[in-house]
$ cat upload.txt   # compact mmCIF, N, CA and C atoms
# COMPACT_ATOMS: atom_id res chain seq x y z
N MET A 245 104.26 100.01 125.54
CA MET A 245 104.24 100.58 124.22
C MET A 245 103.65 101.99 124.26
N ASN A 246 102.37 102.07 124.46
CA ASN A 246 101.68 103.34 124.65
C ASN A 246 101.94 104.31 123.51
N GLN A 247 101.81 103.86 122.28
CA GLN A 247 102.01 104.70 121.12
C GLN A 247 100.68 104.92 120.41
N LYS A 248 100.69 105.93 119.56
CA LYS A 248 99.50 106.18 118.74
C LYS A 248 99.66 105.43 117.42
N ILE A 249 98.64 104.67 117.05
CA ILE A 249 98.62 103.94 115.79
C ILE A 249 97.54 104.56 114.92
N ARG A 250 97.91 104.90 113.68
CA ARG A 250 96.95 105.47 112.72
C ARG A 250 96.74 104.48 111.59
N ILE A 251 95.47 104.15 111.33
CA ILE A 251 95.11 103.21 110.28
C ILE A 251 94.26 103.93 109.24
N LYS A 252 94.69 103.85 107.97
CA LYS A 252 93.93 104.42 106.87
C LYS A 252 93.38 103.27 106.02
N LEU A 253 92.09 103.30 105.78
CA LEU A 253 91.44 102.29 104.94
C LEU A 253 90.99 102.96 103.65
N LYS A 254 91.16 102.27 102.53
CA LYS A 254 90.78 102.82 101.23
C LYS A 254 90.20 101.70 100.37
N SER A 255 89.07 102.00 99.70
CA SER A 255 88.44 101.02 98.83
C SER A 255 87.52 101.73 97.84
N TYR A 256 87.13 100.99 96.80
CA TYR A 256 86.19 101.51 95.82
C TYR A 256 84.75 101.20 96.20
N ASP A 257 84.54 100.40 97.25
CA ASP A 257 83.20 100.04 97.72
C ASP A 257 83.04 100.52 99.16
N TYR A 258 82.07 101.38 99.40
CA TYR A 258 81.94 101.96 100.74
C TYR A 258 81.47 100.93 101.77
N ASN A 259 80.74 99.90 101.34
CA ASN A 259 80.31 98.87 102.29
C ASN A 259 81.51 98.11 102.86
N LEU A 260 82.48 97.79 102.02
CA LEU A 260 83.68 97.09 102.49
C LEU A 260 84.47 97.94 103.47
N VAL A 261 84.58 99.23 103.19
CA VAL A 261 85.34 100.12 104.07
C VAL A 261 84.65 100.22 105.43
N ASP A 262 83.34 100.37 105.44
CA ASP A 262 82.61 100.51 106.70
C ASP A 262 82.66 99.22 107.53
N LYS A 263 82.51 98.07 106.88
CA LYS A 263 82.57 96.80 107.60
C LYS A 263 83.97 96.55 108.17
N SER A 264 85.00 96.88 107.39
CA SER A 264 86.37 96.70 107.86
C SER A 264 86.66 97.62 109.04
N ALA A 265 86.18 98.85 108.97
CA ALA A 265 86.41 99.80 110.07
C ALA A 265 85.71 99.34 111.34
N GLU A 266 84.50 98.84 111.22
CA GLU A 266 83.79 98.34 112.40
C GLU A 266 84.48 97.12 112.99
N LYS A 267 85.01 96.26 112.14
CA LYS A 267 85.72 95.06 112.60
C LYS A 267 86.99 95.45 113.36
N ILE A 268 87.73 96.43 112.83
CA ILE A 268 88.95 96.89 113.48
C ILE A 268 88.63 97.54 114.82
N CYS A 269 87.61 98.39 114.86
CA CYS A 269 87.23 99.06 116.10
C CYS A 269 86.79 98.07 117.17
N ALA A 270 86.05 97.05 116.77
CA ALA A 270 85.58 96.06 117.74
C ALA A 270 86.74 95.26 118.33
N THR A 271 87.71 94.86 117.51
CA THR A 271 88.83 94.07 118.03
C THR A 271 89.75 94.92 118.90
N VAL A 272 89.91 96.19 118.54
CA VAL A 272 90.78 97.06 119.35
C VAL A 272 90.13 97.38 120.69
N LYS A 273 88.82 97.60 120.69
CA LYS A 273 88.12 97.87 121.96
C LYS A 273 88.14 96.65 122.88
N ALA A 274 88.15 95.46 122.28
CA ALA A 274 88.19 94.23 123.09
C ALA A 274 89.52 94.07 123.82
N THR A 275 90.59 94.64 123.25
CA THR A 275 91.90 94.55 123.90
C THR A 275 92.10 95.63 124.95
N GLY A 276 91.20 96.61 125.02
CA GLY A 276 91.28 97.62 126.06
C GLY A 276 91.91 98.93 125.63
N ALA A 277 92.18 99.11 124.36
CA ALA A 277 92.77 100.36 123.88
C ALA A 277 91.65 101.37 123.57
N VAL A 278 92.04 102.63 123.45
CA VAL A 278 91.09 103.70 123.16
C VAL A 278 91.09 103.94 121.65
N VAL A 279 89.88 103.99 121.06
CA VAL A 279 89.75 104.14 119.61
C VAL A 279 89.08 105.47 119.30
N SER A 280 89.64 106.19 118.33
CA SER A 280 89.03 107.40 117.82
C SER A 280 88.71 107.17 116.35
N GLY A 281 87.43 107.14 116.02
CA GLY A 281 87.08 106.92 114.62
C GLY A 281 86.01 105.85 114.51
N PRO A 282 85.71 105.41 113.35
CA PRO A 282 86.26 105.74 112.04
C PRO A 282 85.82 107.12 111.55
N ILE A 283 86.77 107.89 111.07
CA ILE A 283 86.52 109.22 110.55
C ILE A 283 86.47 109.14 109.03
N PRO A 284 85.35 109.53 108.42
CA PRO A 284 85.29 109.49 106.95
C PRO A 284 86.08 110.64 106.34
N LEU A 285 87.00 110.31 105.45
CA LEU A 285 87.77 111.30 104.72
C LEU A 285 87.04 111.62 103.42
N PRO A 286 87.38 112.73 102.76
CA PRO A 286 86.66 113.09 101.54
C PRO A 286 86.74 112.00 100.46
N THR A 287 85.64 111.84 99.75
CA THR A 287 85.56 110.86 98.68
C THR A 287 86.21 111.43 97.43
N HIS A 288 87.08 110.64 96.81
CA HIS A 288 87.76 111.07 95.59
C HIS A 288 86.98 110.53 94.40
N LYS A 289 86.61 111.42 93.49
CA LYS A 289 85.77 111.06 92.35
C LYS A 289 86.56 111.30 91.06
N ARG A 290 86.74 110.25 90.28
CA ARG A 290 87.42 110.37 88.98
C ARG A 290 86.40 110.12 87.88
N ILE A 291 86.39 111.02 86.89
CA ILE A 291 85.46 110.92 85.77
C ILE A 291 86.26 110.69 84.50
N PHE A 292 85.86 109.68 83.73
CA PHE A 292 86.49 109.36 82.46
C PHE A 292 85.48 109.59 81.35
N THR A 293 85.89 110.30 80.30
CA THR A 293 85.04 110.51 79.13
C THR A 293 85.66 109.76 77.96
N VAL A 294 84.85 108.94 77.31
CA VAL A 294 85.32 108.08 76.23
C VAL A 294 84.41 108.28 75.02
N ASN A 295 85.00 108.32 73.83
CA ASN A 295 84.20 108.37 72.60
C ASN A 295 83.49 107.03 72.41
N ARG A 296 82.21 107.09 72.03
CA ARG A 296 81.48 105.85 71.78
C ARG A 296 81.94 105.19 70.48
N SER A 297 82.26 105.99 69.52
CA SER A 297 82.68 105.49 68.23
C SER A 297 84.16 105.80 68.02
N THR A 298 84.83 104.96 67.28
CA THR A 298 86.26 105.17 67.06
C THR A 298 86.56 106.11 65.89
N PHE A 299 85.65 106.22 64.96
CA PHE A 299 85.97 106.94 63.73
C PHE A 299 85.10 108.18 63.52
N VAL A 300 83.78 108.02 63.60
CA VAL A 300 82.87 109.15 63.35
C VAL A 300 82.08 109.44 64.63
N ASN A 301 81.17 110.40 64.54
CA ASN A 301 80.30 110.79 65.66
C ASN A 301 81.11 111.25 66.88
N LYS A 302 81.85 112.32 66.70
CA LYS A 302 82.69 112.87 67.76
C LYS A 302 81.86 113.35 68.95
N LYS A 303 80.63 113.80 68.70
CA LYS A 303 79.80 114.33 69.78
C LYS A 303 79.19 113.24 70.65
N SER A 304 79.19 112.02 70.19
CA SER A 304 78.62 110.91 70.96
C SER A 304 79.69 110.37 71.90
N ARG A 305 79.52 110.66 73.19
CA ARG A 305 80.50 110.25 74.20
C ARG A 305 79.82 109.55 75.36
N GLU A 306 80.64 108.86 76.13
CA GLU A 306 80.14 108.13 77.30
C GLU A 306 81.02 108.50 78.49
N GLN A 307 80.40 108.67 79.67
CA GLN A 307 81.17 109.04 80.85
C GLN A 307 81.06 107.95 81.91
N PHE A 308 82.19 107.71 82.57
CA PHE A 308 82.27 106.73 83.65
C PHE A 308 82.81 107.42 84.89
N GLN A 309 82.36 106.97 86.06
CA GLN A 309 82.82 107.53 87.33
C GLN A 309 83.45 106.44 88.17
N LEU A 310 84.49 106.82 88.92
CA LEU A 310 85.16 105.90 89.82
C LEU A 310 85.36 106.61 91.15
N PHE A 311 84.70 106.12 92.20
CA PHE A 311 84.78 106.72 93.52
C PHE A 311 85.75 105.92 94.38
N SER A 312 86.54 106.61 95.20
CA SER A 312 87.37 105.92 96.19
C SER A 312 87.01 106.49 97.56
N TYR A 313 86.67 105.58 98.47
CA TYR A 313 86.22 105.94 99.82
C TYR A 313 87.35 105.67 100.80
N LYS A 314 87.51 106.57 101.80
CA LYS A 314 88.59 106.44 102.77
C LYS A 314 88.05 106.63 104.18
N ARG A 315 88.64 105.90 105.12
CA ARG A 315 88.33 106.04 106.54
C ARG A 315 89.63 106.13 107.33
N LEU A 316 89.60 106.83 108.45
CA LEU A 316 90.77 107.02 109.30
C LEU A 316 90.42 106.57 110.70
N ILE A 317 91.29 105.74 111.30
CA ILE A 317 91.09 105.24 112.65
C ILE A 317 92.36 105.51 113.44
N ASP A 318 92.24 106.17 114.61
CA ASP A 318 93.37 106.40 115.51
C ASP A 318 93.20 105.52 116.75
N ILE A 319 94.29 104.87 117.16
CA ILE A 319 94.28 104.00 118.33
C ILE A 319 95.27 104.56 119.34
N TYR A 320 94.78 104.86 120.54
CA TYR A 320 95.62 105.40 121.61
C TYR A 320 95.80 104.36 122.70
N SER A 321 96.86 104.51 123.46
CA SER A 321 97.22 103.63 124.58
C SER A 321 97.14 102.15 124.17
N SER A 322 97.86 101.83 123.11
CA SER A 322 97.85 100.45 122.61
C SER A 322 98.86 99.61 123.39
N THR A 323 98.58 98.32 123.46
CA THR A 323 99.46 97.37 124.13
C THR A 323 99.91 96.34 123.11
N SER A 324 100.70 95.38 123.57
CA SER A 324 101.14 94.32 122.67
C SER A 324 99.96 93.44 122.25
N LYS A 325 98.95 93.31 123.11
CA LYS A 325 97.76 92.55 122.75
C LYS A 325 97.02 93.20 121.58
N THR A 326 97.00 94.53 121.58
CA THR A 326 96.33 95.26 120.50
C THR A 326 97.02 95.01 119.16
N VAL A 327 98.34 95.07 119.16
CA VAL A 327 99.10 94.85 117.92
C VAL A 327 98.92 93.42 117.44
N ASP A 328 98.95 92.45 118.36
CA ASP A 328 98.75 91.05 117.97
C ASP A 328 97.36 90.82 117.39
N ALA A 329 96.35 91.45 118.00
CA ALA A 329 94.98 91.30 117.50
C ALA A 329 94.83 91.92 116.11
N LEU A 330 95.51 93.03 115.87
CA LEU A 330 95.45 93.67 114.55
C LEU A 330 96.16 92.82 113.49
N MET A 331 97.25 92.17 113.87
CA MET A 331 97.98 91.33 112.91
C MET A 331 97.18 90.09 112.52
N LYS A 332 96.41 89.53 113.46
CA LYS A 332 95.64 88.32 113.20
C LYS A 332 94.31 88.61 112.51
N LEU A 333 93.93 89.87 112.42
CA LEU A 333 92.64 90.25 111.86
C LEU A 333 92.63 90.06 110.34
N GLU A 334 91.59 89.42 109.83
CA GLU A 334 91.45 89.20 108.40
C GLU A 334 90.41 90.18 107.85
N LEU A 335 90.83 90.99 106.88
CA LEU A 335 89.95 91.95 106.24
C LEU A 335 89.61 91.48 104.83
N PRO A 336 88.48 91.89 104.30
CA PRO A 336 88.10 91.45 102.95
C PRO A 336 89.05 92.01 101.89
N SER A 337 89.17 91.28 100.80
CA SER A 337 90.01 91.76 99.70
C SER A 337 89.34 92.95 99.04
N GLY A 338 90.13 93.85 98.55
CA GLY A 338 89.60 95.07 97.96
C GLY A 338 89.69 96.25 98.90
N VAL A 339 90.23 96.04 100.10
CA VAL A 339 90.41 97.13 101.05
C VAL A 339 91.91 97.35 101.26
N GLY A 340 92.37 98.56 100.96
CA GLY A 340 93.76 98.90 101.19
C GLY A 340 93.96 99.40 102.61
N VAL A 341 94.94 98.84 103.31
CA VAL A 341 95.19 99.21 104.69
C VAL A 341 96.59 99.80 104.79
N GLU A 342 96.68 100.97 105.42
CA GLU A 342 97.96 101.63 105.64
C GLU A 342 98.06 101.92 107.13
N ILE A 343 99.12 101.39 107.77
CA ILE A 343 99.29 101.53 109.21
C ILE A 343 100.54 102.34 109.50
N LYS A 344 100.39 103.38 110.34
CA LYS A 344 101.52 104.18 110.78
C LYS A 344 101.58 104.16 112.29
N VAL A 345 102.80 104.00 112.82
CA VAL A 345 102.99 103.98 114.27
C VAL A 345 103.65 105.27 114.71
$ encode --input "upload.txt" --output "structure tokens"
Amino acid sequence: MNQKIRIKLKSYDYNLVDKSAEKICATVKATGAVVSGPIPLPTHKRIFTVNRSTFVNKKSREQFQLFSYKRLIDIYSSTSKTVDALMKLELPSGVGVEIKV
């Protein structure tokens, strides 16, 4: 095989992203492939402003923030064992995984 595999992890909780990245790195290293990462990508911050009241008090507002955390993992010199180990790996819910070969 000997291809480069790129894995992007995305979640709203940074603990889940970090634990998932460590789990992926440990399983890939056990199969003998070379791992580069996890590389932290910039955090995306979304801010929502909502009126507290529906009718009066326009100046009274509330703000909410939503952060999305991302990590990037590159796998070099992968074998069929590496791909099988990645397919059998169970990650926690709430983590988005995107794999490119």
$ atom_distance --input "upload.txt" --atom1 "atom CA of Arg315 of chain A" --atom2 "atom N of Phe292 of chain A"
23.2 Å
$ residues_near_point --input "upload.txt" --point "(86.6, 107.3, 105.6)" --cutoff "8 Å" --atoms "only N, CA and C atoms" --output "list in words"
Lys252, Leu253, Lys254, Val261, Asp262, Pro282, Ile283, Pro284, Leu285, Pro286, Thr287, Tyr313, Lys314, Arg315, Leu316 and Ile317 of chain A
$ residues_around --input "upload.txt" --residues "Glu306 of chain A" --least-positions-apart "2" --cutoff "9 Å" --atoms "only C-alpha atoms" --output "NGL selection string"
:A and (292-296 or 304 or 308)
$ atom_distance --input "upload.txt" --atom1 "atom CA of Ser322 of chain A" --atom2 "atom C of Gln247 of chain A"
5.7 Å
$ axis_aligned_box --input "upload.txt" --around "segment 288-297 of chain A" --padding-each-side "5 Å" --output "JSON"
{"center_x": 84.6, "center_y": 108.3, "center_z": 82.4, "size_x": 16.3, "size_y": 16.2, "size_z": 38.8}
$ atom_distance --input "upload.txt" --atom1 "atom N of Leu330 of chain A" --atom2 "atom C of Thr275 of chain A"
10.0 Å
$ closest_residue --input "upload.txt" --among "A:Arg290, A:Lys248, A:Lys302, A:Lys263" --to "Val278 of chain A" --atoms "only C-alpha atoms"
A:Lys248
$ closest_residue --input "upload.txt" --among "A:Lys273, A:Lys303, A:Lys267, A:Arg250" --to "Ile343 of chain A" --atoms "only C-alpha atoms"
A:Arg250
$ closest_residue --input "upload.txt" --among "A:Val327, A:Ile291, A:Glu342, A:Ala274" --to "Phe311 of chain A" --atoms "only C-alpha atoms"
A:Ile291
$ select_by_dssp --input "upload.txt" --residues "segment 259-343 of chain A" --states "alpha helix (DSSP H)" --output "list in words"
Asn259, Leu260, Val261, Asp262, Lys263, Ser264, Ala265, Glu266, Lys267, Ile268, Cys269, Ala270, Thr271, Val272, Lys273, Ala274, Thr275, Ser324, Lys325, Thr326, Val327, Asp328, Ala329, Leu330, Met331 and Lys332 of chain A
$ residues_around --input "upload.txt" --residues "Lys289 of chain A" --least-positions-apart "4" --cutoff "7 Å" --atoms "only N, CA and C atoms" --output "list in words"
Gln309, Leu310, Phe311 and Ser312 of chain A
$ select_by_dssp --input "upload.txt" --residues "chain A" --states "strand (DSSP E or B)" --output "PDB file with N, CA and C atoms, keeping the file's coordinate frame"
ATOM      1  N   ILE A 249      98.640 104.670 117.050  1.00  0.00           N
ATOM      2  CA  ILE A 249      98.620 103.940 115.790  1.00  0.00           C
ATOM      3  C   ILE A 249      97.540 104.560 114.920  1.00  0.00           C
ATOM      4  N   ARG A 250      97.910 104.900 113.680  1.00  0.00           N
ATOM      5  CA  ARG A 250      96.950 105.470 112.720  1.00  0.00           C
ATOM      6  C   ARG A 250      96.740 104.480 111.590  1.00  0.00           C
ATOM      7  N   ILE A 251      95.470 104.150 111.330  1.00  0.00           N
ATOM      8  CA  ILE A 251      95.110 103.210 110.280  1.00  0.00           C
ATOM      9  C   ILE A 251      94.260 103.930 109.240  1.00  0.00           C
ATOM     10  N   LYS A 252      94.690 103.850 107.970  1.00  0.00           N
ATOM     11  CA  LYS A 252      93.930 104.420 106.870  1.00  0.00           C
ATOM     12  C   LYS A 252      93.380 103.270 106.020  1.00  0.00           C
ATOM     13  N   LEU A 253      92.090 103.300 105.780  1.00  0.00           N
ATOM     14  CA  LEU A 253      91.440 102.290 104.940  1.00  0.00           C
ATOM     15  C   LEU A 253      90.990 102.960 103.650  1.00  0.00           C
ATOM     16  N   LYS A 254      91.160 102.270 102.530  1.00  0.00           N
ATOM     17  CA  LYS A 254      90.780 102.820 101.230  1.00  0.00           C
ATOM     18  C   LYS A 254      90.200 101.700 100.370  1.00  0.00           C
ATOM     19  N   SER A 255      89.070 102.000  99.700  1.00  0.00           N
ATOM     20  CA  SER A 255      88.440 101.020  98.830  1.00  0.00           C
ATOM     21  C   SER A 255      87.520 101.730  97.840  1.00  0.00           C
ATOM     22  N   VAL A 278      92.040 102.630 123.450  1.00  0.00           N
ATOM     23  CA  VAL A 278      91.090 103.700 123.160  1.00  0.00           C
ATOM     24  C   VAL A 278      91.090 103.940 121.650  1.00  0.00           C
ATOM     25  N   VAL A 279      89.880 103.990 121.060  1.00  0.00           N
ATOM     26  CA  VAL A 279      89.750 104.140 119.610  1.00  0.00           C
ATOM     27  C   VAL A 279      89.080 105.470 119.300  1.00  0.00           C
ATOM     28  N   SER A 280      89.640 106.190 118.330  1.00  0.00           N
ATOM     29  CA  SER A 280      89.030 107.400 117.820  1.00  0.00           C
ATOM     30  C   SER A 280      88.710 107.170 116.350  1.00  0.00           C
ATOM     31  N   GLY A 281      87.430 107.140 116.020  1.00  0.00           N
ATOM     32  CA  GLY A 281      87.080 106.920 114.620  1.00  0.00           C
ATOM     33  C   GLY A 281      86.010 105.850 114.510  1.00  0.00           C
ATOM     34  N   PRO A 282      85.710 105.410 113.350  1.00  0.00           N
ATOM     35  CA  PRO A 282      86.260 105.740 112.040  1.00  0.00           C
ATOM     36  C   PRO A 282      85.820 107.120 111.550  1.00  0.00           C
ATOM     37  N   ILE A 283      86.770 107.890 111.070  1.00  0.00           N
ATOM     38  CA  ILE A 283      86.520 109.220 110.550  1.00  0.00           C
ATOM     39  C   ILE A 283      86.470 109.140 109.030  1.00  0.00           C
ATOM     40  N   PRO A 284      85.350 109.530 108.420  1.00  0.00           N
ATOM     41  CA  PRO A 284      85.290 109.490 106.950  1.00  0.00           C
ATOM     42  C   PRO A 284      86.080 110.640 106.340  1.00  0.00           C
ATOM     43  N   LEU A 285      87.000 110.310 105.450  1.00  0.00           N
ATOM     44  CA  LEU A 285      87.770 111.300 104.720  1.00  0.00           C
ATOM     45  C   LEU A 285      87.040 111.620 103.420  1.00  0.00           C
ATOM     46  N   PRO A 286      87.380 112.730 102.760  1.00  0.00           N
ATOM     47  CA  PRO A 286      86.660 113.090 101.540  1.00  0.00           C
ATOM     48  C   PRO A 286      86.740 112.000 100.460  1.00  0.00           C
ATOM     49  N   THR A 287      85.640 111.840  99.750  1.00  0.00           N
ATOM     50  CA  THR A 287      85.560 110.860  98.680  1.00  0.00           C
ATOM     51  C   THR A 287      86.210 111.430  97.430  1.00  0.00           C
ATOM     52  N   HIS A 288      87.080 110.640  96.810  1.00  0.00           N
ATOM     53  CA  HIS A 288      87.760 111.070  95.590  1.00  0.00           C
ATOM     54  C   HIS A 288      86.980 110.530  94.400  1.00  0.00           C
ATOM     55  N   LYS A 289      86.610 111.420  93.490  1.00  0.00           N
ATOM     56  CA  LYS A 289      85.770 111.060  92.350  1.00  0.00           C
ATOM     57  C   LYS A 289      86.560 111.300  91.060  1.00  0.00           C
ATOM     58  N   ARG A 290      86.740 110.250  90.280  1.00  0.00           N
ATOM     59  CA  ARG A 290      87.420 110.370  88.980  1.00  0.00           C
ATOM     60  C   ARG A 290      86.400 110.120  87.880  1.00  0.00           C
ATOM     61  N   ILE A 291      86.390 111.020  86.890  1.00  0.00           N
ATOM     62  CA  ILE A 291      85.460 110.920  85.770  1.00  0.00           C
ATOM     63  C   ILE A 291      86.260 110.690  84.500  1.00  0.00           C
ATOM     64  N   PHE A 292      85.860 109.680  83.730  1.00  0.00           N
ATOM     65  CA  PHE A 292      86.490 109.360  82.460  1.00  0.00           C
ATOM     66  C   PHE A 292      85.480 109.590  81.350  1.00  0.00           C
ATOM     67  N   THR A 293      85.890 110.300  80.300  1.00  0.00           N
ATOM     68  CA  THR A 293      85.040 110.510  79.130  1.00  0.00           C
ATOM     69  C   THR A 293      85.660 109.760  77.960  1.00  0.00           C
ATOM     70  N   VAL A 294      84.850 108.940  77.310  1.00  0.00           N
ATOM     71  CA  VAL A 294      85.320 108.080  76.230  1.00  0.00           C
ATOM     72  C   VAL A 294      84.410 108.280  75.020  1.00  0.00           C
ATOM     73  N   ASN A 295      85.000 108.320  73.830  1.00  0.00           N
ATOM     74  CA  ASN A 295      84.200 108.370  72.600  1.00  0.00           C
ATOM     75  C   ASN A 295      83.490 107.030  72.410  1.00  0.00           C
ATOM     76  N   ARG A 305      79.520 110.660  73.190  1.00  0.00           N
ATOM     77  CA  ARG A 305      80.500 110.250  74.200  1.00  0.00           C
ATOM     78  C   ARG A 305      79.820 109.550  75.360  1.00  0.00           C
ATOM     79  N   GLU A 306      80.640 108.860  76.130  1.00  0.00           N
ATOM     80  CA  GLU A 306      80.140 108.130  77.300  1.00  0.00           C
ATOM     81  C   GLU A 306      81.020 108.500  78.490  1.00  0.00           C
ATOM     82  N   GLN A 307      80.400 108.670  79.670  1.00  0.00           N
ATOM     83  CA  GLN A 307      81.170 109.040  80.850  1.00  0.00           C
ATOM     84  C   GLN A 307      81.060 107.950  81.910  1.00  0.00           C
ATOM     85  N   PHE A 308      82.190 107.710  82.570  1.00  0.00           N
ATOM     86  CA  PHE A 308      82.270 106.730  83.650  1.00  0.00           C
ATOM     87  C   PHE A 308      82.810 107.420  84.890  1.00  0.00           C
ATOM     88  N   GLN A 309      82.360 106.970  86.060  1.00  0.00           N
ATOM     89  CA  GLN A 309      82.820 107.530  87.330  1.00  0.00           C
ATOM     90  C   GLN A 309      83.450 106.440  88.170  1.00  0.00           C
ATOM     91  N   LEU A 310      84.490 106.820  88.920  1.00  0.00           N
ATOM     92  CA  LEU A 310      85.160 105.900  89.820  1.00  0.00           C
ATOM     93  C   LEU A 310      85.360 106.610  91.150  1.00  0.00           C
ATOM     94  N   PHE A 311      84.700 106.120  92.200  1.00  0.00           N
ATOM     95  CA  PHE A 311      84.780 106.720  93.520  1.00  0.00           C
ATOM     96  C   PHE A 311      85.750 105.920  94.380  1.00  0.00           C
ATOM     97  N   SER A 312      86.540 106.610  95.200  1.00  0.00           N
ATOM     98  CA  SER A 312      87.370 105.920  96.190  1.00  0.00           C
ATOM     99  C   SER A 312      87.010 106.490  97.560  1.00  0.00           C
ATOM    100  N   TYR A 313      86.670 105.580  98.470  1.00  0.00           N
ATOM    101  CA  TYR A 313      86.220 105.940  99.820  1.00  0.00           C
ATOM    102  C   TYR A 313      87.350 105.670 100.800  1.00  0.00           C
ATOM    103  N   LYS A 314      87.510 106.570 101.800  1.00  0.00           N
ATOM    104  CA  LYS A 314      88.590 106.440 102.770  1.00  0.00           C
ATOM    105  C   LYS A 314      88.050 106.630 104.180  1.00  0.00           C
ATOM    106  N   ARG A 315      88.640 105.900 105.120  1.00  0.00           N
ATOM    107  CA  ARG A 315      88.330 106.040 106.540  1.00  0.00           C
ATOM    108  C   ARG A 315      89.630 106.130 107.330  1.00  0.00           C
ATOM    109  N   LEU A 316      89.600 106.830 108.450  1.00  0.00           N
ATOM    110  CA  LEU A 316      90.770 107.020 109.300  1.00  0.00           C
ATOM    111  C   LEU A 316      90.420 106.570 110.700  1.00  0.00           C
ATOM    112  N   ILE A 317      91.290 105.740 111.300  1.00  0.00           N
ATOM    113  CA  ILE A 317      91.090 105.240 112.650  1.00  0.00           C
ATOM    114  C   ILE A 317      92.360 105.510 113.440  1.00  0.00           C
ATOM    115  N   ASP A 318      92.240 106.170 114.610  1.00  0.00           N
ATOM    116  CA  ASP A 318      93.370 106.400 115.510  1.00  0.00           C
ATOM    117  C   ASP A 318      93.200 105.520 116.750  1.00  0.00           C
ATOM    118  N   ILE A 319      94.290 104.870 117.160  1.00  0.00           N
ATOM    119  CA  ILE A 319      94.280 104.000 118.330  1.00  0.00           C
ATOM    120  C   ILE A 319      95.270 104.560 119.340  1.00  0.00           C
ATOM    121  N   TYR A 320      94.780 104.860 120.540  1.00  0.00           N
ATOM    122  CA  TYR A 320      95.620 105.400 121.610  1.00  0.00           C
ATOM    123  C   TYR A 320      95.800 104.360 122.700  1.00  0.00           C
ATOM    124  N   GLY A 340      92.370  98.560 100.960  1.00  0.00           N
ATOM    125  CA  GLY A 340      93.760  98.900 101.190  1.00  0.00           C
ATOM    126  C   GLY A 340      93.960  99.400 102.610  1.00  0.00           C
ATOM    127  N   VAL A 341      94.940  98.840 103.310  1.00  0.00           N
ATOM    128  CA  VAL A 341      95.190  99.210 104.690  1.00  0.00           C
ATOM    129  C   VAL A 341      96.590  99.800 104.790  1.00  0.00           C
ATOM    130  N   GLU A 342      96.680 100.970 105.420  1.00  0.00           N
ATOM    131  CA  GLU A 342      97.960 101.630 105.640  1.00  0.00           C
ATOM    132  C   GLU A 342      98.060 101.920 107.130  1.00  0.00           C
ATOM    133  N   ILE A 343      99.120 101.390 107.770  1.00  0.00           N
ATOM    134  CA  ILE A 343      99.290 101.530 109.210  1.00  0.00           C
ATOM    135  C   ILE A 343     100.540 102.340 109.500  1.00  0.00           C
ATOM    136  N   LYS A 344     100.390 103.380 110.340  1.00  0.00           N
ATOM    137  CA  LYS A 344     101.520 104.180 110.780  1.00  0.00           C
ATOM    138  C   LYS A 344     101.580 104.160 112.290  1.00  0.00           C
TER     139      LYS A 344
END
$ build_atoms --input "upload.txt" --residues "segment 307-316 of chain A" --atoms "N, CA, C and O atoms" --output "mmCIF file, in the coordinates of the input"
data_model
loop_
_atom_site.group_PDB
_atom_site.id
_atom_site.type_symbol
_atom_site.label_atom_id
_atom_site.label_comp_id
_atom_site.auth_asym_id
_atom_site.auth_seq_id
_atom_site.Cartn_x
_atom_site.Cartn_y
_atom_site.Cartn_z
ATOM 1 N N GLN A 307 80.400 108.670 79.670
ATOM 2 C CA GLN A 307 81.170 109.040 80.850
ATOM 3 C C GLN A 307 81.060 107.950 81.910
ATOM 4 O O GLN A 307 80.003 107.378 82.130
ATOM 5 N N PHE A 308 82.190 107.710 82.570
ATOM 6 C CA PHE A 308 82.270 106.730 83.650
ATOM 7 C C PHE A 308 82.810 107.420 84.890
ATOM 8 O O PHE A 308 83.639 108.328 84.796
ATOM 9 N N GLN A 309 82.360 106.970 86.060
ATOM 10 C CA GLN A 309 82.820 107.530 87.330
ATOM 11 C C GLN A 309 83.450 106.440 88.170
ATOM 12 O O GLN A 309 82.980 105.297 88.170
ATOM 13 N N LEU A 310 84.490 106.820 88.920
ATOM 14 C CA LEU A 310 85.160 105.900 89.820
ATOM 15 C C LEU A 310 85.360 106.610 91.150
ATOM 16 O O LEU A 310 86.052 107.629 91.219
ATOM 17 N N PHE A 311 84.700 106.120 92.200
ATOM 18 C CA PHE A 311 84.780 106.720 93.520
ATOM 19 C C PHE A 311 85.750 105.920 94.380
ATOM 20 O O PHE A 311 85.759 104.689 94.333
ATOM 21 N N SER A 312 86.540 106.610 95.200
ATOM 22 C CA SER A 312 87.370 105.920 96.190
ATOM 23 C C SER A 312 87.010 106.490 97.560
ATOM 24 O O SER A 312 87.024 107.699 97.778
ATOM 25 N N TYR A 313 86.670 105.580 98.470
ATOM 26 C CA TYR A 313 86.220 105.940 99.820
ATOM 27 C C TYR A 313 87.350 105.670 100.800
ATOM 28 O O TYR A 313 88.053 104.665 100.693
ATOM 29 N N LYS A 314 87.510 106.570 101.800
ATOM 30 C CA LYS A 314 88.590 106.440 102.770
ATOM 31 C C LYS A 314 88.050 106.630 104.180
ATOM 32 O O LYS A 314 87.131 107.418 104.410
ATOM 33 N N ARG A 315 88.640 105.900 105.120
ATOM 34 C CA ARG A 315 88.330 106.040 106.540
ATOM 35 C C ARG A 315 89.630 106.130 107.330
ATOM 36 O O ARG A 315 90.635 105.526 106.945
ATOM 37 N N LEU A 316 89.600 106.830 108.450
ATOM 38 C CA LEU A 316 90.770 107.020 109.300
ATOM 39 C C LEU A 316 90.420 106.570 110.700
ATOM 40 O O LEU A 316 89.378 106.964 111.248
#
